[in-house]
file protein-v3.tsv (TSV, C-alpha atoms and all ligand atoms)
chain	number	residue	atom	x	y	z
A	1	MET	CA	-71.09	80.02	217.99
A	2	ARG	CA	-70.36	77.22	220.44
A	3	PHE	CA	-66.90	75.64	220.05
A	4	VAL	CA	-65.84	78.41	217.65
A	5	ASP	CA	-66.14	81.84	219.29
A	6	GLU	CA	-64.56	80.74	222.57
A	7	TYR	CA	-61.54	79.45	220.59
A	8	ARG	CA	-61.07	82.81	218.84
A	9	ASP	CA	-61.32	85.05	221.88
A	10	PRO	CA	-58.71	87.87	221.71
A	11	ALA	CA	-58.30	88.11	225.50
A	12	ALA	CA	-57.66	84.37	225.78
A	13	ALA	CA	-55.24	84.60	222.85
A	14	GLU	CA	-53.32	87.34	224.60
A	15	GLY	CA	-53.10	85.20	227.73
A	16	LEU	CA	-51.60	82.31	225.78
A	17	LEU	CA	-49.25	84.67	223.95
A	18	GLU	CA	-47.99	86.04	227.25
A	19	ARG	CA	-47.16	82.50	228.32
A	20	ILE	CA	-45.46	81.79	224.99
A	21	ARG	CA	-43.45	85.01	225.21
A	22	ALA	CA	-42.31	84.07	228.73
A	23	LEU	CA	-41.25	80.54	227.76
A	24	ALA	CA	-39.82	81.05	224.27
A	25	PRO	CA	-36.54	82.79	225.20
A	26	GLN	CA	-35.70	79.83	227.47
A	27	ALA	CA	-36.13	77.34	224.59
A	28	PRO	CA	-35.94	78.82	221.09
A	29	SER	CA	-37.87	76.29	219.01
A	30	ARG	CA	-38.73	75.14	215.54
A	31	PHE	CA	-42.05	73.28	215.57
A	32	MET	CA	-43.73	71.49	212.67
A	33	GLU	CA	-47.49	71.61	212.33
A	34	VAL	CA	-48.11	68.21	210.77
A	35	CYS	CA	-51.58	68.84	209.40
A	36	GLY	CA	-52.56	71.01	206.44
A	37	GLY	CA	-55.65	72.13	208.35
A	38	HIS	CA	-53.35	73.63	210.98
A	39	THR	CA	-51.38	75.43	208.27
A	40	HIS	CA	-54.55	77.07	207.04
A	41	THR	CA	-55.51	78.22	210.54
A	42	ILE	CA	-52.01	79.65	211.07
A	43	TYR	CA	-52.12	81.70	207.87
A	44	ARG	CA	-55.78	82.61	208.04
A	45	HIS	CA	-55.47	84.04	211.54
A	46	GLY	CA	-51.96	85.44	211.17
A	47	LEU	CA	-50.59	83.35	214.04
A	48	GLU	CA	-47.00	83.46	212.76
A	49	GLN	CA	-47.01	87.24	213.18
A	50	LEU	CA	-48.19	86.90	216.77
A	51	LEU	CA	-45.43	84.53	217.88
A	52	PRO	CA	-42.14	85.80	219.30
A	53	PRO	CA	-39.08	85.48	217.05
A	54	GLU	CA	-37.80	82.52	219.11
A	55	VAL	CA	-40.65	80.32	217.79
A	56	GLU	CA	-40.73	79.20	214.17
A	57	LEU	CA	-43.52	77.13	212.66
A	58	VAL	CA	-42.81	74.96	209.62
A	59	HIS	CA	-45.30	72.98	207.59
A	60	GLY	CA	-45.51	69.23	207.43
A	61	PRO	CA	-46.73	66.36	205.25
A	62	GLY	CA	-50.30	66.11	206.56
A	63	CYS	CA	-52.14	67.18	203.42
A	64	PRO	CA	-53.39	63.97	201.75
A	65	VAL	CA	-53.85	65.48	198.31
A	66	CYS	CA	-50.38	67.08	198.43
A	67	VAL	CA	-48.53	63.81	199.01
A	68	ILE	CA	-50.14	61.86	196.17
A	69	PRO	CA	-47.41	61.18	193.56
A	70	MET	CA	-47.87	61.98	189.88
A	71	GLY	CA	-47.84	58.32	188.88
A	72	ARG	CA	-50.96	57.60	190.93
A	73	VAL	CA	-52.71	60.60	189.32
A	74	ASP	CA	-51.77	59.13	185.94
A	75	ASP	CA	-53.33	55.83	187.04
A	76	ALA	CA	-56.55	57.64	187.99
A	77	ILE	CA	-56.63	59.36	184.61
A	78	ALA	CA	-56.09	55.98	182.91
A	79	LEU	CA	-59.10	54.66	184.84
A	80	ALA	CA	-61.21	57.70	183.93
A	81	THR	CA	-60.45	57.25	180.26
A	82	THR	CA	-61.18	53.52	180.21
A	83	PRO	CA	-64.32	52.87	178.14
A	84	GLY	CA	-67.34	52.18	180.34
A	85	VAL	CA	-65.73	53.60	183.51
A	86	THR	CA	-67.03	56.48	185.63
A	87	LEU	CA	-64.42	57.85	188.02
A	88	ALA	CA	-65.77	59.49	191.17
A	89	THR	CA	-63.67	61.48	193.63
A	90	PHE	CA	-63.47	64.56	195.84
A	91	GLY	CA	-63.35	67.97	194.16
A	92	ASP	CA	-59.80	69.01	195.05
A	93	LEU	CA	-58.36	65.91	193.38
A	94	LEU	CA	-59.62	67.02	189.98
A	95	ARG	CA	-56.94	69.69	189.54
A	96	VAL	CA	-53.94	67.68	190.82
A	97	PRO	CA	-51.44	67.54	187.95
A	98	GLY	CA	-50.38	64.20	186.50
A	99	SER	CA	-47.65	63.88	183.89
A	100	THR	CA	-50.02	64.72	181.01
A	101	GLY	CA	-52.64	66.85	182.73
A	102	SER	CA	-55.26	66.50	185.41
A	103	LEU	CA	-58.56	64.70	185.87
A	104	LEU	CA	-60.23	68.01	185.04
A	105	ASP	CA	-58.40	68.01	181.69
A	106	ALA	CA	-59.51	64.42	181.12
A	107	LYS	CA	-63.09	65.42	181.94
A	108	ALA	CA	-62.86	68.30	179.45
A	109	ARG	CA	-61.78	65.76	176.83
A	110	GLY	CA	-64.88	63.66	177.52
A	111	ALA	CA	-63.93	61.32	180.37
A	112	ASP	CA	-66.76	60.60	182.82
A	113	VAL	CA	-65.36	62.14	186.01
A	114	ARG	CA	-67.79	62.98	188.83
A	115	VAL	CA	-67.31	64.96	192.04
A	116	VAL	CA	-68.76	63.28	195.13
A	117	TYR	CA	-68.89	64.31	198.78
A	118	SER	CA	-68.42	60.82	200.21
A	119	PRO	CA	-67.50	57.33	199.00
A	120	LEU	CA	-71.09	56.31	199.65
A	121	ASP	CA	-72.16	58.81	196.96
A	122	ALA	CA	-69.90	56.91	194.54
A	123	LEU	CA	-71.50	53.63	195.57
A	124	ALA	CA	-74.94	55.17	194.96
A	125	LEU	CA	-73.76	56.16	191.49
A	126	ALA	CA	-72.88	52.53	190.81
A	127	VAL	CA	-76.29	51.35	192.01
A	128	ASP	CA	-78.04	53.96	189.85
A	129	HIS	CA	-75.93	53.17	186.75
A	130	PRO	CA	-75.56	49.39	186.51
A	131	ASP	CA	-74.34	49.80	182.91
A	132	ARG	CA	-71.19	51.65	184.13
A	133	GLU	CA	-68.16	50.56	186.15
A	134	VAL	CA	-67.90	53.17	188.91
A	135	VAL	CA	-64.46	53.59	190.49
A	136	PHE	CA	-63.92	55.72	193.60
A	137	PHE	CA	-60.49	57.41	193.64
A	138	ALA	CA	-59.75	57.19	197.37
A	139	VAL	CA	-57.10	59.45	198.91
A	140	GLY	CA	-56.48	60.38	202.53
A	141	PHE	CA	-55.00	59.50	205.89
A	142	GLU	CA	-56.59	57.38	208.61
A	143	THR	CA	-59.19	60.15	208.91
A	144	THR	CA	-61.01	59.27	205.70
A	145	ALA	CA	-59.89	55.67	205.18
A	146	PRO	CA	-62.65	54.25	207.43
A	147	SER	CA	-65.34	55.73	205.16
A	148	THR	CA	-63.73	54.03	202.15
A	149	ALA	CA	-63.55	50.79	204.13
A	150	ARG	CA	-67.22	51.04	205.14
A	151	THR	CA	-68.22	51.70	201.51
A	152	VAL	CA	-66.31	48.74	200.06
A	153	LEU	CA	-67.69	46.45	202.75
A	154	ARG	CA	-71.20	47.66	201.96
A	155	ALA	CA	-70.62	47.04	198.22
A	156	ARG	CA	-69.59	43.50	199.16
A	157	ASP	CA	-72.59	42.98	201.45
A	158	ASP	CA	-75.05	44.43	198.90
A	159	ARG	CA	-73.35	42.58	196.02
A	160	VAL	CA	-72.75	45.74	193.98
A	161	ALA	CA	-70.47	44.25	191.33
A	162	ASN	CA	-69.93	47.40	189.24
A	163	PHE	CA	-68.20	49.36	192.03
A	164	ALA	CA	-64.49	49.44	192.85
A	165	ALA	CA	-62.12	51.61	194.89
A	166	PHE	CA	-58.73	52.83	193.70
A	167	VAL	CA	-57.14	53.00	197.13
A	168	ASN	CA	-54.39	55.53	197.88
A	169	HIS	CA	-54.87	55.81	201.63
A	170	VAL	CA	-51.76	56.47	203.68
A	171	THR	CA	-50.83	56.45	207.36
A	172	ILE	CA	-49.28	59.29	209.35
A	173	GLY	CA	-46.60	57.44	211.31
A	174	PRO	CA	-44.11	56.60	208.53
A	175	PRO	CA	-43.68	60.16	207.18
A	176	LEU	CA	-43.15	61.46	210.72
A	177	ARG	CA	-40.48	58.82	211.23
A	178	ALA	CA	-38.85	59.72	207.89
A	179	ILE	CA	-38.82	63.47	208.57
A	180	LEU	CA	-37.69	63.29	212.20
A	181	GLY	CA	-35.17	60.54	211.48
A	182	ALA	CA	-33.50	62.34	208.55
A	183	PRO	CA	-29.86	63.35	209.15
A	184	ASP	CA	-30.73	67.01	208.59
A	185	ALA	CA	-33.83	66.96	210.81
A	186	ASP	CA	-34.05	70.21	212.75
A	187	LEU	CA	-37.32	70.11	214.68
A	188	ASP	CA	-37.95	70.62	218.38
A	189	GLY	CA	-41.55	69.40	218.51
A	190	LEU	CA	-44.65	68.47	216.56
A	191	VAL	CA	-48.13	69.94	216.59
A	192	GLY	CA	-49.89	66.63	216.06
A	193	PRO	CA	-52.77	66.16	213.61
A	194	GLY	CA	-56.18	66.45	215.23
A	195	HIS	CA	-58.37	64.73	212.65
A	196	VAL	CA	-56.18	61.63	212.21
A	197	SER	CA	-55.93	61.30	215.97
A	198	THR	CA	-59.71	61.07	216.35
A	199	VAL	CA	-59.31	57.66	214.68
A	200	ILE	CA	-55.89	56.38	215.79
A	201	GLY	CA	-55.74	57.94	219.27
A	202	LEU	CA	-52.45	58.81	220.98
A	203	GLU	CA	-50.57	55.52	221.29
A	204	PRO	CA	-49.28	55.43	217.66
A	205	TYR	CA	-47.21	58.55	218.44
A	206	ARG	CA	-45.30	56.83	221.23
A	207	PHE	CA	-42.29	56.26	218.94
A	208	VAL	CA	-42.02	60.02	218.37
A	209	VAL	CA	-41.13	60.61	222.01
A	210	ASP	CA	-39.50	57.26	222.90
A	211	GLU	CA	-37.35	56.71	219.79
A	212	LEU	CA	-37.03	60.17	218.28
A	213	ALA	CA	-36.98	62.23	221.49
A	214	THR	CA	-39.43	64.80	220.13
A	215	PRO	CA	-42.41	66.16	222.08
A	216	ILE	CA	-45.77	66.11	220.35
A	217	VAL	CA	-49.02	67.88	221.22
A	218	VAL	CA	-52.12	66.79	219.31
A	219	ALA	CA	-54.10	69.96	218.62
A	220	GLY	CA	-57.43	71.25	217.37
A	221	PHE	CA	-57.96	73.64	214.49
A	222	GLU	CA	-59.01	76.94	216.02
A	223	PRO	CA	-56.44	79.69	216.65
A	224	LEU	CA	-56.45	79.22	220.42
A	225	ASP	CA	-55.93	75.48	219.96
A	226	LEU	CA	-52.73	76.17	218.07
A	227	LEU	CA	-51.45	78.84	220.46
A	228	ASP	CA	-52.18	76.45	223.34
A	229	ALA	CA	-50.29	73.66	221.53
A	230	VAL	CA	-47.27	75.93	221.04
A	231	ALA	CA	-47.36	76.93	224.72
A	232	ARG	CA	-47.56	73.27	225.76
A	233	LEU	CA	-44.64	72.29	223.51
A	234	LEU	CA	-42.54	75.13	224.92
A	235	ALA	CA	-43.46	74.10	228.47
A	236	GLN	CA	-42.32	70.53	227.76
A	237	ARG	CA	-38.99	71.82	226.45
A	238	VAL	CA	-38.42	74.23	229.31
A	239	GLU	CA	-39.35	71.61	231.91
A	240	GLY	CA	-37.25	68.90	230.24
A	241	ARG	CA	-40.25	66.72	229.43
A	242	CYS	CA	-40.84	64.79	226.20
A	243	GLU	CA	-44.41	63.52	226.06
A	244	VAL	CA	-47.40	62.78	223.86
A	245	GLU	CA	-49.92	65.39	224.98
A	246	ASN	CA	-53.54	65.84	223.93
A	247	GLN	CA	-54.66	69.46	223.56
A	248	TYR	CA	-57.73	68.40	221.53
A	249	GLY	CA	-59.41	66.47	224.34
A	250	ARG	CA	-62.85	67.73	223.37
A	251	VAL	CA	-62.63	65.53	220.26
A	252	VAL	CA	-59.67	63.12	220.51
A	253	ARG	CA	-59.90	60.21	222.94
A	254	PRO	CA	-56.68	58.52	224.04
A	255	ASP	CA	-57.73	55.29	222.31
A	256	GLY	CA	-59.18	57.07	219.25
A	257	ASN	CA	-62.22	55.54	217.59
A	258	PRO	CA	-62.19	51.74	217.99
A	259	VAL	CA	-65.13	51.29	215.58
A	260	ALA	CA	-63.29	53.14	212.81
A	261	ARG	CA	-60.08	51.22	213.50
A	262	ALA	CA	-61.96	47.92	213.31
A	263	LEU	CA	-63.24	48.94	209.87
A	264	LEU	CA	-59.67	49.65	208.76
A	265	ASP	CA	-58.58	46.20	209.98
A	266	GLU	CA	-61.49	44.50	208.24
A	267	ALA	CA	-60.94	46.14	204.84
A	268	PHE	CA	-57.23	46.94	204.52
A	269	VAL	CA	-53.74	45.51	204.76
A	270	THR	CA	-50.57	47.58	204.96
A	271	ARG	CA	-48.58	47.79	201.73
A	272	PRO	CA	-44.87	46.93	202.08
A	273	SER	CA	-44.07	50.31	200.56
A	274	PHE	CA	-45.86	53.32	199.04
A	275	GLU	CA	-44.55	56.33	197.13
A	276	TRP	CA	-45.07	59.79	198.65
A	277	ARG	CA	-44.59	63.02	196.76
A	278	GLY	CA	-41.43	64.63	198.08
A	279	LEU	CA	-40.62	61.80	200.49
A	280	GLY	CA	-40.12	58.92	198.06
A	281	GLU	CA	-40.93	55.32	198.93
A	282	LEU	CA	-41.83	54.88	202.60
A	283	PRO	CA	-42.13	51.38	204.07
A	284	ASP	CA	-45.45	50.34	205.63
A	285	SER	CA	-47.03	53.70	204.80
A	286	GLY	CA	-49.92	52.82	202.47
A	287	LEU	CA	-53.12	50.81	202.72
A	288	ALA	CA	-54.49	48.36	200.16
A	289	LEU	CA	-57.72	46.37	200.10
A	290	ARG	CA	-57.48	42.87	201.52
A	291	PRO	CA	-57.13	40.10	198.88
A	292	GLU	CA	-60.62	38.79	199.74
A	293	LEU	CA	-62.00	42.17	198.58
A	294	ALA	CA	-60.23	42.00	195.18
A	295	ALA	CA	-63.57	42.07	193.36
A	296	TRP	CA	-63.94	45.70	194.57
A	297	ASP	CA	-60.28	46.65	194.12
A	298	ALA	CA	-59.59	48.76	191.00
A	299	GLU	CA	-55.91	47.76	191.06
A	300	ALA	CA	-56.91	44.09	190.80
A	301	ARG	CA	-59.64	44.60	188.21
A	302	PHE	CA	-58.13	47.11	185.77
A	303	ALA	CA	-54.79	47.31	183.97
A	304	LEU	CA	-53.09	50.47	185.28
A	305	PRO	CA	-49.87	52.07	184.00
A	306	GLY	CA	-48.36	51.97	187.50
A	307	ARG	CA	-45.44	54.12	186.41
A	308	ARG	CA	-43.30	56.15	188.75
A	309	VAL	CA	-43.16	59.73	187.44
A	310	ALA	CA	-40.67	62.35	188.60
A	311	ASP	CA	-42.06	65.73	189.69
A	312	PRO	CA	-41.55	68.70	187.31
A	313	ARG	CA	-38.10	70.23	187.71
A	314	ALA	CA	-39.58	73.53	188.89
A	315	CYS	CA	-41.68	71.88	191.59
A	316	GLN	CA	-40.39	72.18	195.16
A	317	CYS	CA	-43.40	70.61	196.88
A	318	GLY	CA	-41.19	67.90	198.37
A	319	GLN	CA	-39.19	70.47	200.33
A	320	VAL	CA	-42.36	72.25	201.44
A	321	LEU	CA	-43.85	68.95	202.65
A	322	ARG	CA	-40.69	68.21	204.67
A	323	GLY	CA	-40.69	71.66	206.24
A	324	ALA	CA	-37.40	72.50	204.52
A	325	LEU	CA	-38.87	75.36	202.48
A	326	LYS	CA	-41.56	77.95	203.09
A	327	PRO	CA	-44.11	78.23	200.28
A	328	TRP	CA	-43.02	81.69	199.20
A	329	GLU	CA	-39.41	80.49	198.93
A	330	CYS	CA	-40.30	78.20	196.01
A	331	LYS	CA	-38.95	79.67	192.78
A	332	VAL	CA	-42.31	79.50	191.00
A	333	PHE	CA	-44.64	80.48	193.88
A	334	GLY	CA	-47.24	82.97	192.71
A	335	THR	CA	-45.69	83.29	189.25
A	336	ALA	CA	-45.68	80.08	187.21
A	337	CYS	CA	-47.51	78.25	190.02
A	338	THR	CA	-50.84	79.71	191.13
A	339	PRO	CA	-54.14	78.21	192.31
A	340	GLU	CA	-55.51	78.72	188.80
A	341	HIS	CA	-52.49	77.09	187.13
A	342	PRO	CA	-50.81	74.86	189.75
A	343	ILE	CA	-47.51	73.14	189.04
A	344	GLY	CA	-47.44	71.29	192.36
A	345	THR	CA	-50.04	69.71	194.61
A	346	CYS	CA	-49.41	72.08	197.53
A	347	MET	CA	-51.04	74.84	195.47
A	348	VAL	CA	-54.08	72.71	194.58
A	349	SER	CA	-55.46	71.28	197.74
A	350	SER	CA	-57.57	73.25	200.18
A	351	GLU	CA	-55.10	71.94	202.81
A	352	GLY	CA	-51.93	72.73	200.85
A	353	ALA	CA	-49.41	75.10	202.42
A	354	CYS	CA	-48.82	77.00	199.16
A	355	ALA	CA	-52.57	77.44	198.59
A	356	ALA	CA	-52.94	78.64	202.18
A	357	TYR	CA	-50.18	81.19	201.92
A	358	HIS	CA	-51.35	82.33	198.48
A	359	ARG	CA	-54.84	82.87	199.88
A	360	TYR	CA	-54.08	84.36	203.28
A	361	GLY	CA	-50.40	85.31	203.38
A	362	ARG	CA	-50.86	88.93	202.43
A	363	LEU	CA	-53.77	89.28	204.83
A	364	SER	CA	-52.28	87.50	207.82
A	365	HIS	CA	-50.62	90.52	209.40
A	366	ASP	CA	-53.87	92.51	209.46
A	367	VAL	CA	-55.83	89.56	210.81
A	368	ALA	CA	-53.26	89.02	213.54
A	369	VAL	CA	-54.03	92.45	214.97
A	370	THR	CA	-57.59	91.30	215.71
A	371	LEU	CA	-56.39	88.37	217.84
A	372	GLY	CA	-53.57	89.97	219.77
A	373	ARG	CA	-50.43	92.01	219.31
A	374	PRO	CA	-48.56	91.62	216.02
A	375	ARG	CA	-44.91	90.70	216.17
A	376	ALA	CA	-42.71	93.81	216.28
B	401	LIG	S1	-45.30	77.00	194.63
B	401	LIG	FE1	-46.13	75.32	193.40
B	401	LIG	S2	-44.36	74.12	192.72
B	401	LIG	FE2	-43.67	75.46	194.38
B	401	LIG	S3	-43.83	74.18	196.21
B	401	LIG	FE3	-45.77	75.31	196.03
B	401	LIG	S4	-47.14	73.97	194.86
B	401	LIG	FE4	-45.06	73.15	194.63

call {"tool": "encode", "arguments": {"input": "protein-v3.tsv", "output": "structure tokens", "more": "lines below"}}
Ligand code: SF4
result
Amino acid sequence: MRFVDEYRDPAAAEGLLERIRALAPQAPSRFMEVCGGHTHTIYRHGLEQLLPPEVELVHGPGCPVCVIPMGRVDDAIALATTPGVTLATFGDLLRVPGSTGSLLDAKARGADVRVVYSPLDALALAVDHPDREVVFFAVGFETTAPSTARTVLRARDDRVANFAAFVNHVTIGPPLRAILGAPDADLDGLVGPGHVSTVIGLEPYRFVVDELATPIVVAGFEPLDLLDAVARLLAQRVEGRCEVENQYGRVVRPDGNPVARALLDEAFVTRPSFEWRGLGELPDSGLALRPELAAWDAEARFALPGRRVADPRACQCGQVLRGALKPWECKVFGTACTPEHPIGTCMVSSEGACAAYHRYGRLSHDVAVTLGRPRA
């Protein structure tokens, strides 16, 4: 299959691993893969087992469902249980725990919660059901925010008055600044998020190298993409370089997607602050609809609890999202917290590190043998 098979070729993987094994002893490194999609590739293909012991990969905050705080889930449940409201959202958000249960629990109790595959599906629901108020629960980084923007602008242009968006979109720069700028930060490089970068391009990462002295390589999602990104990061360290590098050139353009960015500018403003699960309040990290779009803004049209809710005491998602803890090191991993009965968001989302390790962790060693040599 074009653009898949050639990025899973065992001989090419071995070539990259040889390069990594040659470079790693010169610069033992701890790299963070920012994106949850990368985490899944790493576990699914057993890449950790293929790397030499001088290279450690830790997981980052780039899973949009994982970083949504409990208070915002409570707000979504409040919307879903408002008489006359239909709440539409993506499937993996249904099982994210709020303080009193999930949207799936609310649906079981009779709330009108629908799964959609795009915000435009939610808008179509509103058009088809003029007797209902349809609210789209919007979550995601710059990758998905343009589709929410396009949908709200279309609702405005088509005068669909019974549609609104509950916007929880976030941006990738502030959490990277928070993690790398923390006093206990212990990272030697970032594997940059591929999907987000298709929209924002490379320039927004300039502060990572200029201010935080950390190399970053934006990478694709196939196993060879990630091995190549690790090799490139090691090469930067060994050669004394600190640059923003684009490994995912077949998709990511240096200036990103100007059309998508224009949509973001037209629909959104940056919030002064937004709460992230595990990272707390981060300045300039969330998007909100512009005041002139208030008629389609659920936060302007509905009374929401808006409470800040602490995570359950047993939950260590915050440490997982900062790369301070591996999923299996959480006290409740695989026991009290499972994909069927998640305590934290990292076990819910298809991009969550805990879900990835729970699904592939036991298999990863065997899979690694098919790509190259397993770690001794
Ligand atoms: S095992 Fe569950 S509670 Fe622990 S970090 Fe993962 S998702 Fe959070």

call {"tool": "residues_near_ligand", "arguments": {"input": "protein-v3.tsv", "ligand": "ligand LIG 401 (chain B)", "cutoff": "7 Å", "atoms": "only C-alpha atoms and all ligand atoms", "output": "MDAnalysis selection string"}}
result
chainID A and resid 314:317 320 327:328 330:334 337:338 342:347 354

call {"tool": "closest_residue", "arguments": {"input": "protein-v3.tsv", "among": "A:Glu281, A:Asp265, A:Asp158, A:Glu48", "to": "Val127 of chain A", "atoms": "only C-alpha atoms"}}
result
A:Asp158

call {"tool": "atom_distance", "arguments": {"input": "protein-v3.tsv", "atom1": "atom CA of Gly173 of chain A", "atom2": "atom CA of Gly361 of chain A"}}
result
29.2 Å

call {"tool": "closest_residue", "arguments": {"input": "protein-v3.tsv", "among": "A:Val191, A:Ile179, A:Leu227, A:Leu125", "to": "Gly36 of chain A", "atoms": "only C-alpha atoms"}}
result
A:Val191

call {"tool": "residues_around", "arguments": {"input": "protein-v3.tsv", "residues": "Ala353 of chain A", "least_positions_apart": "4", "cutoff": "10 Å", "atoms": "all atoms listed in the file", "output": "PDB file with C-alpha atoms, in the frame of the given file"}}
result
ATOM      1  CA  CYS A  35     -51.580  68.840 209.400  1.00  0.00           C
ATOM      2  CA  GLY A  36     -52.560  71.010 206.440  1.00  0.00           C
ATOM      3  CA  GLY A  37     -55.650  72.130 208.350  1.00  0.00           C
ATOM      4  CA  HIS A  38     -53.350  73.630 210.980  1.00  0.00           C
ATOM      5  CA  THR A  39     -51.380  75.430 208.270  1.00  0.00           C
ATOM      6  CA  HIS A  40     -54.550  77.070 207.040  1.00  0.00           C
ATOM      7  CA  TYR A  43     -52.120  81.700 207.870  1.00  0.00           C
ATOM      8  CA  VAL A  58     -42.810  74.960 209.620  1.00  0.00           C
ATOM      9  CA  HIS A  59     -45.300  72.980 207.590  1.00  0.00           C
ATOM     10  CA  GLY A  60     -45.510  69.230 207.430  1.00  0.00           C
ATOM     11  CA  PRO A  61     -46.730  66.360 205.250  1.00  0.00           C
ATOM     12  CA  GLY A  62     -50.300  66.110 206.560  1.00  0.00           C
ATOM     13  CA  CYS A  63     -52.140  67.180 203.420  1.00  0.00           C
ATOM     14  CA  CYS A  66     -50.380  67.080 198.430  1.00  0.00           C
ATOM     15  CA  CYS A 317     -43.400  70.610 196.880  1.00  0.00           C
ATOM     16  CA  VAL A 320     -42.360  72.250 201.440  1.00  0.00           C
ATOM     17  CA  LEU A 321     -43.850  68.950 202.650  1.00  0.00           C
ATOM     18  CA  LYS A 326     -41.560  77.950 203.090  1.00  0.00           C
ATOM     19  CA  PRO A 327     -44.110  78.230 200.280  1.00  0.00           C
ATOM     20  CA  TRP A 328     -43.020  81.690 199.200  1.00  0.00           C
ATOM     21  CA  THR A 345     -50.040  69.710 194.610  1.00  0.00           C
ATOM     22  CA  CYS A 346     -49.410  72.080 197.530  1.00  0.00           C
ATOM     23  CA  MET A 347     -51.040  74.840 195.470  1.00  0.00           C
ATOM     24  CA  VAL A 348     -54.080  72.710 194.580  1.00  0.00           C
ATOM     25  CA  SER A 349     -55.460  71.280 197.740  1.00  0.00           C
ATOM     26  CA  TYR A 357     -50.180  81.190 201.920  1.00  0.00           C
ATOM     27  CA  HIS A 358     -51.350  82.330 198.480  1.00  0.00           C
ATOM     28  CA  ARG A 359     -54.840  82.870 199.880  1.00  0.00           C
TER      29      ARG A 359
END

call {"tool": "residues_around", "arguments": {"input": "protein-v3.tsv", "residues": "Glu56 of chain A", "least_positions_apart": "2", "cutoff": "10 Å", "atoms": "all atoms listed in the file", "output": "PyMOL selection string"}}
result
chain A and resi 28-32+48+51-54+58+187-188

call {"tool": "write_last_selection", "arguments": {"input": "protein-v3.tsv", "atoms": "C-alpha atoms", "output": "PDB file, keeping the file's coordinate frame"}}
result
ATOM      1  CA  PRO A  28     -35.940  78.820 221.090  1.00  0.00           C
ATOM      2  CA  SER A  29     -37.870  76.290 219.010  1.00  0.00           C
ATOM      3  CA  ARG A  30     -38.730  75.140 215.540  1.00  0.00           C
ATOM      4  CA  PHE A  31     -42.050  73.280 215.570  1.00  0.00           C
ATOM      5  CA  MET A  32     -43.730  71.490 212.670  1.00  0.00           C
ATOM      6  CA  GLU A  48     -47.000  83.460 212.760  1.00  0.00           C
ATOM      7  CA  LEU A  51     -45.430  84.530 217.880  1.00  0.00           C
ATOM      8  CA  PRO A  52     -42.140  85.800 219.300  1.00  0.00           C
ATOM      9  CA  PRO A  53     -39.080  85.480 217.050  1.00  0.00           C
ATOM     10  CA  GLU A  54     -37.800  82.520 219.110  1.00  0.00           C
ATOM     11  CA  VAL A  58     -42.810  74.960 209.620  1.00  0.00           C
ATOM     12  CA  LEU A 187     -37.320  70.110 214.680  1.00  0.00           C
ATOM     13  CA  ASP A 188     -37.950  70.620 218.380  1.00  0.00           C
TER      14      ASP A 188
END

call {"tool": "closest_residue", "arguments": {"input": "protein-v3.tsv", "among": "A:Leu264, A:Val167, A:Pro183, A:Val115", "to": "Asp297 of chain A", "atoms": "all atoms listed in the file"}}
result
A:Val167

call {"tool": "closest_atom_pairs", "arguments": {"input": "protein-v3.tsv", "of": "segment 188-285 of chain A", "to": "segment 147-155 of chain A", "cutoff": "9 Å", "atoms": "all atoms listed in the file", "output": "CSV"}}
result
residue,atom,partner,partner_atom,distance
A:Ala260,CA,A:Ser147,CA,8.3
A:Leu263,CA,A:Ala149,CA,6.0
A:Leu264,CA,A:Ala149,CA,6.1
A:Asp265,CA,A:Ala149,CA,8.9
A:Glu266,CA,A:Ala149,CA,7.8
A:Ala267,CA,A:Ala149,CA,5.4
A:Phe268,CA,A:Ala149,CA,7.4

call {"tool": "closest_residue", "arguments": {"input": "protein-v3.tsv", "among": "A:Val116, A:Leu47, A:Leu282, A:Val34", "to": "Leu16 of chain A", "atoms": "all atoms listed in the file"}}
result
A:Leu47

call {"tool": "closest_residue", "arguments": {"input": "protein-v3.tsv", "among": "A:Ala262, A:Ala231, A:Val217, A:Leu79", "to": "Val199 of chain A", "atoms": "only C-alpha atoms"}}
result
A:Ala262

call {"tool": "atom_distance", "arguments": {"input": "protein-v3.tsv", "atom1": "atom CA of Gly256 of chain A", "atom2": "atom CA of Thr198 of chain A"}}
result
5.0 Å

call {"tool": "closest_residue", "arguments": {"input": "protein-v3.tsv", "among": "A:Val67, A:Val73, A:Leu293, A:Val251", "to": "Gly101 of chain A", "atoms": "only C-alpha atoms"}}
result
A:Val73

call {"tool": "atom_distance", "arguments": {"input": "protein-v3.tsv", "atom1": "atom CA of Pro312 of chain A", "atom2": "atom CA of Leu287 of chain A"}}
result
26.3 Å

call {"tool": "residues_around", "arguments": {"input": "protein-v3.tsv", "residues": "Gly286 of chain A", "least_positions_apart": "5", "cutoff": "6 Å", "atoms": "only C-alpha atoms", "output": "list in words"}}
result
His169, Val170, Thr270, Arg271 and Phe274 of chain A

call {"tool": "residues_around", "arguments": {"input": "protein-v3.tsv", "residues": "Val269 of chain A", "least_positions_apart": "4", "cutoff": "7 Å", "atoms": "only C-alpha atoms", "output": "short mmCIF file (atom, residue, chain, number, x, y, z; two decimals) with C-alpha atoms, in the coordinates of the input"}}
result
data_model
loop_
_atom_site.label_atom_id
_atom_site.label_comp_id
_atom_site.auth_asym_id
_atom_site.auth_seq_id
_atom_site.Cartn_x
_atom_site.Cartn_y
_atom_site.Cartn_z
CA LEU A 287 -53.12 50.81 202.72
CA ALA A 288 -54.49 48.36 200.16
CA LEU A 289 -57.72 46.37 200.10
CA ARG A 290 -57.48 42.87 201.52
#
